[in-house]
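As provided, target16.txt (compact mmCIF, C-alpha atoms) reads as follows.
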```txt
# COMPACT_ATOMS: atom_id res chain seq x y z
CA MET A 1 16.19 14.94 -11.97
CA ARG A 2 13.15 16.18 -13.87
CA ALA A 3 9.97 17.13 -12.06
CA PHE A 4 7.45 14.40 -11.30
CA PRO A 5 4.90 14.73 -14.13
CA PHE A 6 1.88 13.23 -12.34
CA ARG A 7 -0.49 14.51 -9.67
CA MET A 8 -0.68 12.97 -6.18
CA THR A 9 -3.91 13.39 -4.23
CA ILE A 10 -6.32 11.70 -1.85
CA ALA A 11 -9.18 9.93 -3.64
CA SER A 12 -12.49 11.69 -3.14
CA THR A 13 -14.72 11.28 -6.20
CA ALA A 14 -16.94 8.41 -7.32
CA ASP A 15 -14.92 8.16 -10.56
CA GLU A 16 -11.63 7.86 -8.62
CA PHE A 17 -13.08 5.11 -6.42
CA GLU A 18 -14.35 3.19 -9.46
CA GLN A 19 -10.87 3.41 -10.98
CA ILE A 20 -9.37 2.20 -7.69
CA PHE A 21 -11.67 -0.84 -7.65
CA ALA A 22 -10.70 -1.65 -11.26
CA LEU A 23 -6.97 -1.26 -10.52
CA ASN A 24 -7.37 -3.44 -7.41
CA TYR A 25 -8.98 -6.13 -9.58
CA ARG A 26 -6.24 -6.07 -12.22
CA THR A 27 -3.54 -6.18 -9.55
CA PHE A 28 -4.92 -8.50 -6.86
CA VAL A 29 -7.01 -10.86 -9.00
CA GLU A 30 -5.38 -11.00 -12.43
CA GLU A 31 -1.72 -10.34 -11.57
CA ILE A 32 -1.37 -11.52 -7.98
CA PRO A 33 -3.98 -14.27 -7.57
CA GLN A 34 -5.13 -13.24 -4.11
CA HIS A 35 -8.87 -12.97 -4.84
CA GLU A 36 -11.35 -14.82 -7.04
CA PRO A 37 -12.37 -13.38 -10.44
CA ASN A 38 -15.79 -11.78 -10.89
CA GLU A 39 -17.83 -10.65 -13.88
CA ARG A 40 -17.68 -6.95 -13.00
CA ARG A 41 -13.84 -7.00 -12.92
CA MET A 42 -13.95 -4.76 -9.84
CA LEU A 43 -12.50 -5.41 -6.38
CA LYS A 44 -13.69 -3.27 -3.49
CA ASP A 45 -11.50 -3.78 -0.43
CA LYS A 46 -13.29 -5.13 2.62
CA PHE A 47 -11.68 -2.31 4.66
CA HIS A 48 -12.78 0.31 2.11
CA ALA A 49 -14.86 2.35 4.57
CA ASP A 50 -11.83 2.89 6.83
CA ASN A 51 -9.21 3.39 4.10
CA THR A 52 -7.73 6.65 2.90
CA TYR A 53 -6.53 6.13 -0.67
CA LEU A 54 -3.52 8.10 -1.82
CA ILE A 55 -3.57 8.08 -5.59
CA CYS A 56 -1.37 9.10 -8.49
CA LYS A 57 -3.11 10.49 -11.56
CA ASP A 58 -2.05 11.05 -15.15
CA GLY A 59 -4.65 13.59 -16.18
CA GLU A 60 -7.94 12.11 -14.96
CA ARG A 61 -6.65 8.51 -14.99
CA VAL A 62 -5.70 6.82 -11.70
CA ILE A 63 -2.37 5.14 -12.49
CA GLY A 64 -1.37 4.12 -8.98
CA MET A 65 -2.68 3.86 -5.45
CA ILE A 66 -1.88 2.90 -1.88
CA SER A 67 -4.24 2.81 1.10
CA TYR A 68 -3.70 4.07 4.64
CA CYS A 69 -5.71 2.97 7.67
CA ASP A 70 -5.31 3.72 11.38
CA LYS A 71 -8.48 1.98 12.59
CA ARG A 72 -8.30 -1.57 13.97
CA PRO A 73 -8.68 -4.33 13.11
CA PHE A 74 -6.15 -4.16 10.29
CA SER A 75 -5.79 -6.67 7.51
CA LEU A 76 -2.64 -7.87 9.32
CA ASP A 77 -4.57 -8.54 12.53
CA ALA A 78 -6.27 -11.46 10.76
CA LYS A 79 -3.02 -12.74 9.25
CA VAL A 80 -0.78 -12.41 12.32
CA PRO A 81 -2.50 -13.43 15.57
CA GLY A 82 -1.25 -11.29 18.45
CA LEU A 83 0.14 -8.70 16.05
CA GLU A 84 1.33 -6.32 18.79
CA ALA A 85 3.49 -9.03 20.41
CA HIS A 86 5.58 -9.26 17.22
CA LEU A 87 6.37 -5.55 17.10
CA PRO A 88 8.91 -3.49 19.05
CA ALA A 89 7.43 -2.07 22.27
CA GLY A 90 6.64 1.60 22.67
CA HIS A 91 5.72 2.22 19.04
CA GLY A 92 2.79 4.54 19.76
CA LYS A 93 -0.11 4.83 17.32
CA LEU A 94 -0.12 1.99 14.79
CA CYS A 95 -1.30 2.30 11.19
CA GLU A 96 -1.33 0.04 8.16
CA VAL A 97 -0.53 0.76 4.52
CA ARG A 98 -1.55 -1.72 1.85
CA LEU A 99 -2.94 -2.23 -1.63
CA LEU A 100 0.04 -0.65 -3.36
CA ALA A 101 -0.80 -0.96 -7.04
CA VAL A 102 0.58 0.73 -10.15
CA GLU A 103 -0.58 0.31 -13.74
CA LYS A 104 1.98 -1.83 -15.61
CA ALA A 105 2.79 0.89 -18.14
CA TYR A 106 3.86 3.22 -15.30
CA ARG A 107 6.16 0.85 -13.43
CA GLY A 108 9.93 1.02 -13.32
CA THR A 109 10.87 4.30 -14.92
CA THR A 110 8.18 6.78 -13.86
CA ARG A 111 8.83 6.86 -10.08
CA VAL A 112 5.11 6.30 -9.39
CA THR A 113 5.76 3.52 -6.84
CA ALA A 114 8.32 5.59 -4.95
CA GLU A 115 6.08 8.67 -4.91
CA LEU A 116 3.10 6.63 -3.65
CA LEU A 117 5.23 5.20 -0.82
CA LYS A 118 6.49 8.69 0.05
CA ALA A 119 2.94 10.04 0.08
CA ALA A 120 1.76 7.23 2.35
CA MET A 121 4.67 7.70 4.76
CA ARG A 122 4.15 11.49 4.88
CA HIS A 123 0.45 10.91 5.52
CA ALA A 124 1.29 8.47 8.35
CA ILE A 125 3.59 11.03 9.96
CA ALA A 126 0.98 13.78 9.59
CA GLN A 127 -1.62 11.53 11.26
CA GLY A 128 0.68 10.97 14.27
CA CYS A 129 1.45 7.37 13.44
CA GLY A 130 4.26 5.87 15.54
CA MET A 131 4.71 2.76 13.40
CA VAL A 132 3.53 1.64 9.97
CA VAL A 133 2.83 -2.04 9.31
CA MET A 134 2.25 -3.66 5.95
CA SER A 135 2.14 -6.96 4.10
CA GLY A 136 4.75 -6.61 1.38
CA THR A 137 4.43 -8.84 -1.65
CA THR A 138 7.38 -11.20 -1.83
CA ARG A 139 7.86 -9.96 -5.41
CA GLN A 140 9.02 -6.58 -4.05
CA LEU A 141 10.78 -7.39 -0.75
CA ARG A 142 14.07 -5.78 -1.78
CA MET A 143 12.30 -2.52 -2.60
CA TYR A 144 10.45 -2.46 0.76
CA GLU A 145 13.66 -3.20 2.64
CA ARG A 146 15.47 -0.38 0.77
CA VAL A 147 12.70 1.95 1.93
CA GLY A 148 13.39 0.84 5.51
CA PHE A 149 10.68 -1.74 6.27
CA LYS A 150 11.76 -4.66 8.45
CA PRO A 151 10.24 -8.17 8.32
CA PHE A 152 8.74 -9.36 11.62
CA HIS A 153 6.86 -12.61 11.02
CA THR A 154 6.74 -15.59 8.71
CA LEU A 155 5.10 -15.24 5.30
CA VAL A 156 1.31 -14.99 5.12
CA GLY A 157 -1.04 -15.61 2.22
CA LYS A 158 -1.34 -18.46 -0.23
CA GLU A 159 0.53 -20.00 -3.15
CA GLY A 160 1.11 -17.32 -5.77
CA ALA A 161 0.18 -14.54 -3.33
CA TYR A 162 2.59 -14.65 -0.40
CA TYR A 163 3.25 -11.54 1.66
CA GLN A 164 5.87 -10.62 4.25
CA PRO A 165 4.57 -8.74 7.33
CA MET A 166 6.84 -5.71 7.79
CA TYR A 167 7.07 -2.52 9.84
CA ILE A 168 8.85 0.80 9.93
CA SER A 169 8.92 3.13 12.95
CA ARG A 170 8.13 6.83 12.94
CA ARG A 171 11.72 7.58 13.94
CA GLU A 172 13.00 5.68 10.92
CA LEU A 173 10.45 7.41 8.69
CA VAL A 174 11.49 10.85 9.85
CA GLU A 175 15.20 10.00 9.40
CA ARG A 176 14.75 8.71 5.83
CA ALA A 177 16.09 11.25 3.34
CA TRP A 178 13.77 9.88 0.62
CA LEU A 179 10.78 11.41 2.44
CA GLN A 180 11.99 14.91 1.57
```

Turn the structure described in the file into structure tokens.
Amino acid sequence: MRAFPFRMTIASTADEFEQIFALNYRTFVEEIPQHEPNERRMLKDKFHADNTYLICKDGERVIGMISYCDKRPFSLDAKVPGLEAHLPAGHGKLCEVRLLAVEKAYRGTTRVTAELLKAAMRHAIAQGCGMVVMSGTTRQLRMYERVGFKPFHTLVGKEGAYYQPMYISRRELVERAWLQ
């Protein structure tokens, strides 16, 4: 397999954040109708201040992103009342990954999605996370299940933008060969 041609990093510059907000808009307003349109065509996540954004860049262009957060409340706390009661006991530190978005031209054959998921899972392990939770778009459930995520609740969201609450434990993350 040829080397991954793009650069993975943690967002840190104003330009990277502006590109993240634009990618969020294209993905979660125009493609997945989760949020209302706006004139600026930018979508800043309401959890932005607590998010760590792992990004994939082609040169200076952000072509993909995923966010990591280990500070409560999570997005899922609002969607799944009593979140902890739905998860296996003894999971340790909980974190959430979300906002997985990849520019359309880089989907499918470039491995950007897989590399973003790997980066997020490695980051979760490095931060001492015992379990990762997420809301996986129903459009990609098979992919999330192949990675090792398990559904734990009924669908959340709205028509056209349904998500499946899912989790993966640290043990499962560490055992996954795809993290290497």

Distance query Gly160 in chain A at most 8 Å, only C-alpha atoms, self and fewer than 3 positions along chain excluded, as number ranges by chain: A: 32-34

Distance criterion (only C-alpha atoms): nearest to Val147 in chain A out of A:Gln127, A:Gln164, A:Thr113, A:Thr52: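 Comparing A:Gln127, A:Gln164, A:Thr113, A:Thr52 against Val147 in chain A, the winner is A:Thr113.
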
Best match for closeness to Gly136 in chain A among A:Leu23, A:Ala161, A:Met166, A:Ala120, counting all atoms listed in the file: A:Met166

Neighbour list for Thr110 in chain A as a PyMOL selection string, cut-off 10 Å, only C-alpha atoms, skip fewer than 6 positions in-chain: chain A and resi 4-6

Pick out the residues sitting within 7 Å of Lys57 in chain A, and hand them over as a JSON list (two decimals) with C-alpha atoms, in the coordinates of the input; count all atoms listed in the file, and ignore anything fewer than 2 positions along from it in its own chain.
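That gives us part-v1.json:
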```json
[["chain", "number", "residue", "atom", "x", "y", "z"],
["A", 6, "PHE", "CA", 1.88, 13.23, -12.34],
["A", 7, "ARG", "CA", -0.49, 14.51, -9.67],
["A", 8, "MET", "CA", -0.68, 12.97, -6.18],
["A", 55, "ILE", "CA", -3.57, 8.08, -5.59],
["A", 59, "GLY", "CA", -4.65, 13.59, -16.18],
["A", 60, "GLU", "CA", -7.94, 12.11, -14.96],
["A", 61, "ARG", "CA", -6.65, 8.51, -14.99],
["A", 62, "VAL", "CA", -5.70, 6.82, -11.70],
["A", 63, "ILE", "CA", -2.37, 5.14, -12.49]]
```

All residues 12 Å or closer to His35 in chain A, all atoms listed in the file, same chain fewer than 6 positions away omitted, as an NGL selection string: :A and (24-29 or 41-46 or 157-161)

For Ser67 in chain A, the nearest of the candidates A:Glu30, A:Tyr106, A:Val132, A:Glu36, counting all atoms listed in the file: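 Smallest separation from Ser67 in chain A among the options: A:Val132.
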